[in-house]
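J.: Got coords12.csv for you, CSV, C-alpha atoms:
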chain,number,residue,atom,x,y,z
A,1,MET,CA,11.8,189.1,63.4
A,2,ASN,CA,10.4,190.3,60.1
A,3,ILE,CA,6.7,190.6,59.4
A,4,THR,CA,5.8,189.0,56.1
A,5,GLY,CA,3.3,190.4,53.7
A,6,THR,CA,2.7,191.8,50.2
A,7,GLU,CA,3.0,195.3,48.8
A,8,THR,CA,0.5,197.0,46.6
A,9,THR,CA,-1.3,193.7,46.2
A,10,THR,CA,-4.3,192.0,47.7
A,11,PRO,CA,-3.2,189.8,50.7
A,12,THR,CA,-4.1,186.2,50.7
A,13,GLY,CA,-6.4,184.6,53.3
A,14,THR,CA,-9.8,183.2,54.0
A,15,THR,CA,-12.3,186.0,54.2
A,16,THR,CA,-15.6,184.5,53.3
A,17,PRO,CA,-18.3,185.9,55.7
A,18,ALA,CA,-19.5,183.2,58.1
A,19,THR,CA,-22.9,182.5,59.4
A,20,ASP,CA,-23.7,184.6,62.4
A,21,PHE,CA,-24.5,181.7,64.8
A,22,SER,CA,-24.9,182.2,68.5
A,23,TYR,CA,-21.8,182.0,70.6
A,24,SER,CA,-23.8,182.2,73.9
A,25,VAL,CA,-22.1,179.1,75.4
A,26,GLU,CA,-18.7,180.8,75.2
A,27,GLN,CA,-20.1,184.2,75.9
A,28,SER,CA,-21.1,183.1,79.3
A,29,LYS,CA,-17.4,182.9,80.2
A,30,PHE,CA,-17.0,186.7,79.7
A,31,ASP,CA,-18.2,189.8,81.4
A,32,PRO,CA,-17.5,192.3,78.6
A,33,TYR,CA,-17.5,195.2,81.0
A,34,GLU,CA,-14.8,193.5,83.1
A,35,GLN,CA,-12.9,192.6,79.9
A,36,LEU,CA,-12.8,196.3,79.0
A,37,HIS,CA,-12.1,197.3,82.6
A,38,ILE,CA,-15.1,199.6,82.8
A,39,GLN,CA,-18.3,199.8,84.9
A,40,LEU,CA,-21.5,201.3,83.5
A,41,ASN,CA,-22.7,204.2,85.6
A,42,SER,CA,-26.4,204.5,86.7
A,43,ASP,CA,-27.0,207.2,84.1
A,44,GLY,CA,-26.4,204.7,81.4
A,45,GLU,CA,-24.5,207.3,79.5
A,46,SER,CA,-21.0,207.2,81.1
A,47,VAL,CA,-18.6,204.6,82.6
A,48,THR,CA,-16.2,204.4,85.4
A,49,ARG,CA,-12.8,203.4,84.2
A,50,LEU,CA,-11.3,200.8,86.4
A,51,LEU,CA,-7.9,200.3,84.6
A,52,ASN,CA,-5.2,201.8,86.8
A,53,LEU,CA,-2.9,203.4,84.2
A,54,PRO,CA,0.2,205.1,85.5
A,55,PRO,CA,0.4,208.8,84.5
A,56,ALA,CA,3.2,210.7,82.7
A,57,ASN,CA,3.6,214.4,82.9
A,58,ASP,CA,5.0,216.5,80.0
A,59,ASN,CA,8.5,217.9,80.3
A,60,PRO,CA,9.3,220.9,78.0
A,61,ASP,CA,12.5,221.9,79.9
A,62,PRO,CA,15.5,221.6,77.6
A,63,ASP,CA,17.8,221.7,80.6
A,64,SER,CA,16.2,218.7,82.3
A,65,GLY,CA,18.6,216.2,80.7
A,66,GLN,CA,15.8,214.2,79.1
A,67,ALA,CA,16.4,212.7,75.7
A,68,VAL,CA,12.9,213.7,74.5
A,69,LEU,CA,11.0,216.8,75.5
A,70,SER,CA,7.2,217.1,75.5
A,71,LYS,CA,4.6,219.7,76.0
A,72,ASP,CA,0.8,219.8,76.2
A,73,ILE,CA,-1.2,222.1,73.9
A,74,ILE,CA,-4.9,222.9,74.2
A,75,LEU,CA,-6.7,222.0,71.0
A,76,ASN,CA,-10.3,223.0,71.9
A,77,PRO,CA,-11.1,224.4,75.3
A,78,GLN,CA,-14.8,223.7,74.9
A,79,LYS,CA,-14.2,220.0,74.2
A,80,LYS,CA,-11.3,219.9,76.7
A,81,THR,CA,-9.1,218.3,74.1
A,82,THR,CA,-5.3,218.5,74.0
A,83,LEU,CA,-2.4,217.2,72.1
A,84,ARG,CA,1.1,216.4,73.4
A,85,ILE,CA,4.1,217.3,71.2
A,86,PHE,CA,7.3,215.2,71.4
A,87,VAL,CA,10.7,216.4,70.1
A,88,SER,CA,14.2,215.2,70.6
A,89,SER,CA,16.1,217.4,73.0
A,90,LYS,CA,19.0,217.4,70.5
A,91,LEU,CA,17.0,219.5,68.1
A,92,THR,CA,16.1,222.1,70.7
A,93,LEU,CA,19.7,222.4,71.9
A,94,LYS,CA,21.4,222.4,68.6
A,95,ASN,CA,20.0,222.4,65.0
A,96,THR,CA,22.8,223.9,63.0
A,97,ASP,CA,22.1,222.3,59.6
A,98,GLY,CA,18.5,223.5,59.5
A,99,SER,CA,17.2,220.0,58.8
A,100,ARG,CA,13.5,219.3,59.3
A,101,LEU,CA,11.7,216.2,60.5
A,102,PRO,CA,8.4,214.6,59.4
A,103,ILE,CA,5.4,215.2,61.6
A,104,ILE,CA,3.4,212.2,62.8
A,105,PHE,CA,-0.1,212.5,64.2
A,106,TYR,CA,-0.5,209.6,66.6
A,107,PHE,CA,-3.8,208.0,67.7
A,108,HIS,CA,-3.7,205.6,70.6
A,109,ASP,CA,-5.7,202.4,71.0
A,110,ALA,CA,-7.7,201.0,74.0
A,111,ALA,CA,-11.1,200.2,72.6
A,112,TRP,CA,-12.4,203.8,72.4
A,113,VAL,CA,-13.0,203.8,76.2
A,114,GLN,CA,-9.5,204.0,77.8
A,115,SER,CA,-6.1,205.6,77.8
A,116,GLY,CA,-4.8,209.0,76.6
A,117,ALA,CA,-1.8,211.2,76.1
A,118,LYS,CA,-1.1,211.4,79.9
A,119,HIS,CA,-0.8,207.7,80.4
A,120,PHE,CA,2.8,206.4,80.8
A,121,GLN,CA,2.7,203.6,78.1
A,122,VAL,CA,1.3,205.9,75.4
A,123,HIS,CA,3.7,208.7,76.4
A,124,MET,CA,6.8,206.4,76.3
A,125,ARG,CA,5.7,205.0,72.9
A,126,ASN,CA,5.7,208.5,71.4
A,127,SER,CA,8.9,209.4,73.1
A,128,TYR,CA,10.6,206.4,71.6
A,129,LEU,CA,9.2,207.1,68.1
A,130,SER,CA,10.3,210.7,68.2
A,131,CYS,CA,13.9,209.4,68.4
A,132,SER,CA,13.8,206.2,66.5
A,133,VAL,CA,12.0,207.4,63.3
A,134,PRO,CA,13.0,210.3,64.0
A,135,ALA,CA,10.0,212.6,63.8
A,136,ILE,CA,8.0,215.3,65.6
A,137,MET,CA,5.2,213.4,67.3
A,138,LEU,CA,1.8,215.0,67.8
A,139,LEU,CA,-0.2,212.7,70.2
A,140,VAL,CA,-3.8,213.5,69.8
A,141,ASP,CA,-5.7,213.1,73.2
A,142,TYR,CA,-9.1,212.5,71.6
A,143,ARG,CA,-12.3,212.2,73.6
A,144,LEU,CA,-13.4,208.8,74.9
A,145,ALA,CA,-16.6,206.8,74.5
A,146,PRO,CA,-19.3,206.4,75.6
A,147,GLU,CA,-19.4,210.0,76.9
A,148,ASN,CA,-18.3,211.1,73.4
A,149,ARG,CA,-19.5,208.8,70.7
A,150,LEU,CA,-18.2,208.6,67.2
A,151,PRO,CA,-17.6,210.8,65.2
A,152,ALA,CA,-16.2,212.9,68.1
A,153,GLN,CA,-12.9,211.2,67.8
A,154,TYR,CA,-12.6,211.9,64.1
A,155,GLU,CA,-13.6,215.6,64.8
A,156,ASP,CA,-10.8,215.8,67.3
A,157,ALA,CA,-8.3,214.5,64.7
A,158,ILE,CA,-9.5,217.2,62.3
A,159,ASP,CA,-9.0,219.8,65.1
A,160,ALA,CA,-5.4,218.6,65.3
A,161,PHE,CA,-4.9,219.0,61.6
A,162,LEU,CA,-6.3,222.5,61.6
A,163,TRP,CA,-4.1,223.4,64.6
A,164,LEU,CA,-1.0,222.4,62.7
A,165,LYS,CA,-2.1,224.4,59.7
A,166,LYS,CA,-2.5,227.4,61.9
A,167,GLN,CA,1.0,227.0,63.3
A,168,ALA,CA,2.4,226.7,59.8
A,169,LEU,CA,0.8,230.0,58.7
A,170,ASP,CA,1.4,231.9,61.9
A,171,PRO,CA,4.8,233.7,62.1
A,172,LYS,CA,4.6,233.2,65.9
A,173,GLY,CA,3.3,229.7,65.7
A,174,GLU,CA,4.4,226.9,68.0
A,175,PRO,CA,8.2,226.9,67.8
A,176,TRP,CA,8.8,223.2,68.0
A,177,VAL,CA,6.9,222.5,64.8
A,178,LYS,CA,7.8,225.8,63.1
A,179,GLU,CA,11.5,225.4,63.6
A,180,TYR,CA,11.9,221.6,63.3
A,181,GLY,CA,8.9,220.1,61.5
A,182,ASP,CA,8.4,219.5,57.8
A,183,PHE,CA,4.8,220.5,57.1
A,184,SER,CA,4.9,218.8,53.7
A,185,ARG,CA,5.7,215.4,55.2
A,186,CYS,CA,2.9,214.6,57.6
A,187,PHE,CA,1.8,211.1,58.5
A,188,LEU,CA,-1.2,209.6,60.4
A,189,PHE,CA,-0.3,206.7,62.7
A,190,GLY,CA,-2.9,204.7,64.7
A,191,ASN,CA,-3.0,201.5,66.7
A,192,GLY,CA,-6.3,199.5,67.1
A,193,CYS,CA,-9.1,201.9,67.3
A,194,GLY,CA,-6.5,204.6,66.5
A,195,GLY,CA,-6.1,202.9,63.1
A,196,ASN,CA,-9.9,203.4,62.6
A,197,VAL,CA,-9.5,207.1,63.4
A,198,VAL,CA,-6.6,207.4,60.9
A,199,PHE,CA,-8.8,206.0,58.0
A,200,ASN,CA,-11.9,208.0,58.8
A,201,ALA,CA,-10.1,211.2,59.6
A,202,ALA,CA,-8.1,211.0,56.4
A,203,LEU,CA,-11.3,210.7,54.4
A,204,ARG,CA,-12.8,213.8,56.2
A,205,ALA,CA,-9.6,215.8,55.7
A,206,MET,CA,-10.1,215.5,51.9
A,207,ASP,CA,-12.9,218.0,52.3
A,208,LEU,CA,-10.6,220.7,53.8
A,209,ASP,CA,-7.9,222.9,52.5
A,210,LEU,CA,-5.0,222.1,54.8
A,211,THR,CA,-2.4,223.9,52.8
A,212,PRO,CA,0.6,224.0,53.5
A,213,ILE,CA,0.0,220.8,55.5
A,214,LYS,CA,0.4,217.7,53.4
A,215,ILE,CA,-0.6,214.3,54.6
A,216,GLU,CA,1.8,211.9,52.8
A,217,GLY,CA,0.8,208.5,54.2
A,218,LEU,CA,-1.3,206.5,56.7
A,219,VAL,CA,-0.1,203.8,59.1
A,220,LEU,CA,-2.9,201.5,60.4
A,221,ASN,CA,-1.5,199.0,62.9
A,222,GLN,CA,-4.1,196.3,63.5
A,223,PRO,CA,-7.0,198.7,62.9
A,224,ILE,CA,-10.3,197.9,64.6
A,225,PHE,CA,-13.2,197.3,62.2
A,226,GLY,CA,-16.5,195.3,62.5
A,227,GLY,CA,-19.7,194.4,60.9
A,228,GLN,CA,-23.0,192.6,61.6
A,229,THR,CA,-22.2,189.4,59.7
A,230,ARG,CA,-19.4,187.4,61.5
A,231,MET,CA,-16.4,186.6,59.5
A,232,GLU,CA,-14.4,183.4,59.9
A,233,SER,CA,-11.6,184.8,62.0
A,234,GLU,CA,-14.1,186.3,64.4
A,235,LEU,CA,-15.7,182.9,64.9
A,236,ASN,CA,-12.4,181.1,65.1
A,237,TYR,CA,-11.2,183.5,67.8
A,238,ALA,CA,-14.5,184.3,69.5
A,239,THR,CA,-13.0,183.6,72.9
A,240,ASP,CA,-9.8,185.6,72.3
A,241,ASN,CA,-8.1,186.5,75.6
A,242,ILE,CA,-7.7,190.2,74.6
A,243,LEU,CA,-10.8,191.0,72.4
A,244,PRO,CA,-13.4,188.2,72.7
A,245,LEU,CA,-16.5,188.9,70.6
A,246,PRO,CA,-18.7,190.0,73.6
A,247,ALA,CA,-16.1,192.7,74.4
A,248,LEU,CA,-15.9,193.8,70.8
A,249,ASP,CA,-19.7,194.0,70.5
A,250,LEU,CA,-19.9,196.0,73.7
A,251,MET,CA,-17.1,198.3,72.5
A,252,TRP,CA,-19.1,199.1,69.3
A,253,GLU,CA,-22.3,199.5,71.3
A,254,LEU,CA,-20.6,202.2,73.5
A,255,ALA,CA,-18.7,203.9,70.6
A,256,LEU,CA,-21.2,204.1,67.7
A,257,PRO,CA,-23.9,206.7,67.5
A,258,LYS,CA,-27.0,205.6,69.4
A,259,GLY,CA,-29.3,203.3,67.4
A,260,MET,CA,-26.6,202.4,64.8
A,261,ASP,CA,-25.5,198.8,64.3
A,262,ARG,CA,-22.1,197.4,63.3
A,263,ASP,CA,-22.7,198.0,59.6
A,264,HIS,CA,-22.4,201.7,60.2
A,265,ARG,CA,-19.6,203.1,58.1
A,266,PHE,CA,-17.7,204.1,61.2
A,267,CYS,CA,-17.4,200.5,62.1
A,268,ASN,CA,-17.6,198.7,58.8
A,269,PRO,CA,-15.5,200.4,56.1
A,270,LEU,CA,-16.7,197.9,53.5
A,271,THR,CA,-20.0,199.8,53.3
A,272,LEU,CA,-18.0,202.6,51.6
A,273,ASP,CA,-17.2,200.3,48.7
A,274,ALA,CA,-19.9,202.0,46.5
A,275,PRO,CA,-19.6,204.0,43.2
A,276,HIS,CA,-20.3,207.3,44.9
A,277,ASN,CA,-17.3,206.8,47.2
A,278,ALA,CA,-14.9,205.7,44.5
A,279,THR,CA,-13.4,209.1,43.8
A,280,LYS,CA,-12.6,209.8,47.5
A,281,LEU,CA,-11.2,206.3,48.1
A,282,LYS,CA,-9.0,206.6,45.0
A,283,ALA,CA,-7.6,209.8,46.4
A,284,LEU,CA,-6.6,208.3,49.7
A,285,GLN,CA,-2.9,208.6,50.6
A,286,ARG,CA,-0.7,205.6,50.5
A,287,CYS,CA,-1.2,203.2,53.3
A,288,LEU,CA,0.7,200.7,55.5
A,289,VAL,CA,-1.6,198.2,57.0
A,290,ILE,CA,-0.3,195.7,59.6
A,291,ALA,CA,-2.2,192.7,60.9
A,292,PHE,CA,-1.8,189.4,62.7
A,293,GLY,CA,-3.6,186.2,61.9
A,294,MET,CA,-4.8,185.3,65.4
A,295,ASN,CA,-6.7,188.5,65.7
A,296,PRO,CA,-10.5,188.2,65.5
A,297,MET,CA,-10.6,191.1,63.0
A,298,PHE,CA,-7.9,189.6,60.7
A,299,ASP,CA,-10.4,188.8,57.9
A,300,ARG,CA,-11.9,192.2,58.1
A,301,GLN,CA,-8.4,193.8,57.9
A,302,GLN,CA,-7.8,191.7,54.7
A,303,GLU,CA,-11.1,192.7,53.2
A,304,PHE,CA,-10.3,196.3,54.0
A,305,VAL,CA,-7.0,196.1,52.1
A,306,LYS,CA,-8.7,194.5,49.2
A,307,MET,CA,-11.2,197.3,49.0
A,308,LEU,CA,-8.4,199.9,49.0
A,309,VAL,CA,-6.4,198.1,46.3
A,310,LYS,CA,-9.6,197.8,44.2
A,311,HIS,CA,-9.9,201.6,44.2
A,312,GLY,CA,-6.3,202.1,43.2
A,313,VAL,CA,-4.8,203.0,46.6
A,314,GLU,CA,-1.1,202.3,47.0
A,315,VAL,CA,-1.1,199.7,49.9
A,316,GLN,CA,1.7,198.0,51.7
A,317,ALA,CA,0.0,195.1,53.5
A,318,GLN,CA,2.2,193.4,56.1
A,319,PHE,CA,0.3,190.4,57.4
A,320,ASP,CA,1.7,187.7,59.7
A,321,GLU,CA,-0.3,184.6,60.2
A,322,ILE,CA,1.3,184.1,63.7
A,323,GLY,CA,0.5,186.7,66.3
A,324,PHE,CA,-2.4,188.2,68.2
A,325,HIS,CA,-3.9,191.7,68.6
A,326,ARG,CA,-1.2,194.1,69.9
A,327,ILE,CA,1.4,191.3,70.3
A,328,GLU,CA,4.1,194.0,70.1
A,329,LEU,CA,3.2,195.1,73.6
A,330,VAL,CA,4.5,191.8,75.0
A,331,ASP,CA,7.0,190.8,72.3
A,332,PRO,CA,9.8,193.3,71.8
A,333,ARG,CA,10.9,191.6,68.6
A,334,ARG,CA,7.5,192.4,67.0
A,335,ALA,CA,7.7,196.0,68.3
A,336,VAL,CA,11.1,196.5,66.6
A,337,ALA,CA,9.8,194.9,63.4
A,338,ILE,CA,6.7,197.2,63.3
A,339,ASP,CA,8.9,200.3,64.0
A,340,ASN,CA,11.2,199.3,61.1
A,341,LEU,CA,8.2,198.9,58.8
A,342,VAL,CA,7.0,202.4,59.7
A,343,LYS,CA,10.4,203.9,59.2
A,344,GLU,CA,10.8,202.3,55.8
A,345,PHE,CA,7.3,203.3,54.8
A,346,MET,CA,7.9,206.9,55.7
A,347,ASN,CA,11.2,207.1,54.0
A,348,LYS,CA,9.9,205.7,50.7
A,349,THR,CA,9.0,208.3,48.2
A,350,SER,CA,5.6,208.1,46.5
Could you show the structure in this file as structure tokens?

T.:
Amino acid sequence: MNITGTETTTPTGTTTPATDFSYSVEQSKFDPYEQLHIQLNSDGESVTRLLNLPPANDNPDPDSGQAVLSKDIILNPQKKTTLRIFVSSKLTLKNTDGSRLPIIFYFHDAAWVQSGAKHFQVHMRNSYLSCSVPAIMLLVDYRLAPENRLPAQYEDAIDAFLWLKKQALDPKGEPWVKEYGDFSRCFLFGNGCGGNVVFNAALRAMDLDLTPIKIEGLVLNQPIFGGQTRMESELNYATDNILPLPALDLMWELALPKGMDRDHRFCNPLTLDAPHNATKLKALQRCLVIAFGMNPMFDRQQEFVKMLVKHGVEVQAQFDEIGFHRIELVDPRRAVAIDNLVKEFMNKTS
């Protein structure tokens, strides 16, 4: 099943901000903490995560018979952050032609408060991408909210970029990326809140000298954004089974810096649409933005693309009116379609 959309154009759709009327009648049906599978602890600063996610260990042994090998690398011991590298075992066993693969930094979803590199679903997703794209996958195990509020997650992304730069410059750097990775073809790929990380980390990376690392493109799959004024899609899907408005509001309350509302730039990228940000936005790498019409954030995702196009960013917007947030997790056809879009986007020369 193909995902329809437009390329380097402004997507169509209704995006007029709607009146922020109360949704208290519907809100009463939801316990947002239960929806996010968390329980607020007595300190008010941390949560207990109730979602039982099966774990997955890394496997760096080339003799294990696994199609994909993986290993955990410490990013920052003080922050207790890591990344997990994925590479096809075919490369480590035989790489006679000297070919190199693109490198993808991957940022997972789960509403800022759940999941990580050691969870089975995220691990398998990266294992699959490493073979299907193919690519060297760097799964960034960023810190979670509310114990670590934004911009901690963006800082962890920057740590990952700087780690890769160090490996590229070090003659004794990590062999999996040194021997098989193409440092001039790096991509950032994020789902949900991971898409938010991709955008904000890419902007921050512009202030750094990452040479010889080159970020060639950004993939934002159903990125999570917000704002104080409700948009029509948020009101239309206020009682969404996956991300109802009360859960979205709680998510931002736990993730944003204390005292900040949903118009903070970490949440609402449209606040960056100002003259003093024009130069940085214009310099943004080419973007693939994927969205589905039954997602409460659909209108925001459309407005986000419009802002990028306005500033001259090369955008491939793939919008499907039918489909809900992270539909690919339950519909294999959509998962294949998204993977094909990513491969085509990465193989396209700028």

J.: Would you list the residues near (10.3, 206.5, 64.6), meaning any protein, DNA or RNA residue with an atom at most 10 Å from that point in file coordinates, counting all atoms listed in the file, as a ChimeraX atom specification?

T.: /A:102,104,125-137,339-344,346

J.: Can you pull out the residues contacting A:Gly181? Cut-off 10 Å, using only C-alpha atoms, and skip same-chain residues under 3 positions away; I want them as a JSON list (two decimals) with C-alpha atoms, in the coordinates of the input.

T.:
[["chain", "number", "residue", "atom", "x", "y", "z"],
["A", 87, "VAL", "CA", 10.70, 216.40, 70.10],
["A", 99, "SER", "CA", 17.20, 220.00, 58.80],
["A", 100, "ARG", "CA", 13.50, 219.30, 59.30],
["A", 101, "LEU", "CA", 11.70, 216.20, 60.50],
["A", 102, "PRO", "CA", 8.40, 214.60, 59.40],
["A", 103, "ILE", "CA", 5.40, 215.20, 61.60],
["A", 104, "ILE", "CA", 3.40, 212.20, 62.80],
["A", 135, "ALA", "CA", 10.00, 212.60, 63.80],
["A", 136, "ILE", "CA", 8.00, 215.30, 65.60],
["A", 137, "MET", "CA", 5.20, 213.40, 67.30],
["A", 168, "ALA", "CA", 2.40, 226.70, 59.80],
["A", 175, "PRO", "CA", 8.20, 226.90, 67.80],
["A", 176, "TRP", "CA", 8.80, 223.20, 68.00],
["A", 177, "VAL", "CA", 6.90, 222.50, 64.80],
["A", 178, "LYS", "CA", 7.80, 225.80, 63.10],
["A", 184, "SER", "CA", 4.90, 218.80, 53.70],
["A", 185, "ARG", "CA", 5.70, 215.40, 55.20],
["A", 186, "CYS", "CA", 2.90, 214.60, 57.60]]

J.: Using atom CA of A:Asn52 and atom CA of A:Pro223 as the two end points, give the distance in Å to one decimal.

T.: 24.2 Å

J.: Would you work out the distance separating atom CA of A:Ser89 from atom CA of A:Glu216, expressed in Å to one decimal?

T.: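 Atom CA of A:Glu216 lies 25.4 Å from atom CA of A:Ser89.
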
J.: Could you check the closest approach to A:Met206 for each of A:Val113, A:Leu281, A:Ala317, A:Ile74 and tell me which residue wins, using all atoms listed in the file?

T.: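 Ranked by minimum distance to A:Met206, first place goes to A:Leu281.
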
J.: Quick one: of A:Asn268, A:Gln222, A:Ser233, A:Gln285, who's nearest to A:His325, counting only C-alpha atoms?

T.: A:Gln222

J.: Can you put all heavy atoms back into stretch 99-108 of chain A and show it as a short mmCIF file (atom, residue, chain, number, x, y, z; two decimals), in the coordinates of the input?

T.:
data_model
loop_
_atom_site.label_atom_id
_atom_site.label_comp_id
_atom_site.auth_asym_id
_atom_site.auth_seq_id
_atom_site.Cartn_x
_atom_site.Cartn_y
_atom_site.Cartn_z
N SER A 99 17.96 221.12 59.27
CA SER A 99 17.20 220.00 58.80
C SER A 99 15.82 219.93 59.50
O SER A 99 15.67 220.40 60.63
CB SER A 99 17.93 218.66 59.09
OG SER A 99 18.18 218.53 60.48
N ARG A 100 14.84 219.36 58.79
CA ARG A 100 13.50 219.30 59.30
C ARG A 100 13.02 217.83 59.35
O ARG A 100 13.41 217.02 58.50
CB ARG A 100 12.52 220.14 58.50
CG ARG A 100 12.78 221.62 58.67
CD ARG A 100 11.80 222.48 57.90
NE ARG A 100 12.00 223.88 58.21
CZ ARG A 100 11.40 224.52 59.21
NH1 ARG A 100 10.54 223.87 59.98
NH2 ARG A 100 11.62 225.80 59.42
N LEU A 101 12.18 217.53 60.30
CA LEU A 101 11.70 216.20 60.50
C LEU A 101 10.25 216.03 60.06
O LEU A 101 9.47 216.99 60.13
CB LEU A 101 11.81 215.78 61.98
CG LEU A 101 13.22 215.73 62.57
CD1 LEU A 101 13.13 215.37 64.06
CD2 LEU A 101 14.08 214.73 61.84
N PRO A 102 9.86 214.82 59.63
CA PRO A 102 8.40 214.60 59.40
C PRO A 102 7.62 214.75 60.62
O PRO A 102 8.15 214.64 61.74
CB PRO A 102 8.41 213.13 58.85
CG PRO A 102 9.66 212.52 59.40
CD PRO A 102 10.68 213.61 59.44
N ILE A 103 6.35 214.99 60.44
CA ILE A 103 5.40 215.20 61.60
C ILE A 103 4.43 214.03 61.57
O ILE A 103 3.79 213.76 60.55
CB ILE A 103 4.70 216.53 61.46
CG1 ILE A 103 5.71 217.69 61.50
CG2 ILE A 103 3.66 216.69 62.57
CD1 ILE A 103 5.11 219.05 61.19
N ILE A 104 4.31 213.36 62.71
CA ILE A 104 3.40 212.20 62.80
C ILE A 104 2.28 212.55 63.80
O ILE A 104 2.53 212.87 64.96
CB ILE A 104 4.13 210.95 63.31
CG1 ILE A 104 5.25 210.56 62.34
CG2 ILE A 104 3.14 209.79 63.47
CD1 ILE A 104 6.05 209.34 62.81
N PHE A 105 1.04 212.49 63.32
CA PHE A 105 -0.10 212.50 64.20
C PHE A 105 -0.34 211.11 64.72
O PHE A 105 -0.53 210.19 63.92
CB PHE A 105 -1.37 213.00 63.46
CG PHE A 105 -1.33 214.44 63.02
CD1 PHE A 105 -0.84 214.79 61.77
CD2 PHE A 105 -1.81 215.44 63.85
CE1 PHE A 105 -0.82 216.11 61.36
CE2 PHE A 105 -1.81 216.77 63.44
CZ PHE A 105 -1.30 217.10 62.19
N TYR A 106 -0.36 210.93 66.02
CA TYR A 106 -0.50 209.60 66.60
C TYR A 106 -1.80 209.46 67.34
O TYR A 106 -2.18 210.32 68.14
CB TYR A 106 0.69 209.37 67.59
CG TYR A 106 0.76 207.96 68.15
CD1 TYR A 106 1.56 206.99 67.54
CD2 TYR A 106 0.06 207.61 69.30
CE1 TYR A 106 1.64 205.70 68.06
CE2 TYR A 106 0.13 206.33 69.82
CZ TYR A 106 0.92 205.39 69.20
OH TYR A 106 0.99 204.11 69.71
N PHE A 107 -2.48 208.32 67.09
CA PHE A 107 -3.80 208.00 67.70
C PHE A 107 -3.69 206.71 68.44
O PHE A 107 -3.44 205.67 67.83
CB PHE A 107 -4.88 208.02 66.64
CG PHE A 107 -4.98 209.30 65.86
CD1 PHE A 107 -4.25 209.47 64.67
CD2 PHE A 107 -5.75 210.35 66.33
CE1 PHE A 107 -4.32 210.66 63.97
CE2 PHE A 107 -5.82 211.55 65.62
CZ PHE A 107 -5.10 211.71 64.44
N HIS A 108 -3.91 206.75 69.74
CA HIS A 108 -3.70 205.60 70.60
C HIS A 108 -4.88 204.58 70.46
O HIS A 108 -5.92 204.88 69.87
CB HIS A 108 -3.53 205.97 72.04
CG HIS A 108 -4.75 206.62 72.66
ND1 HIS A 108 -5.81 205.89 73.13
CD2 HIS A 108 -5.06 207.92 72.87
CE1 HIS A 108 -6.73 206.70 73.63
NE2 HIS A 108 -6.30 207.95 73.47
#
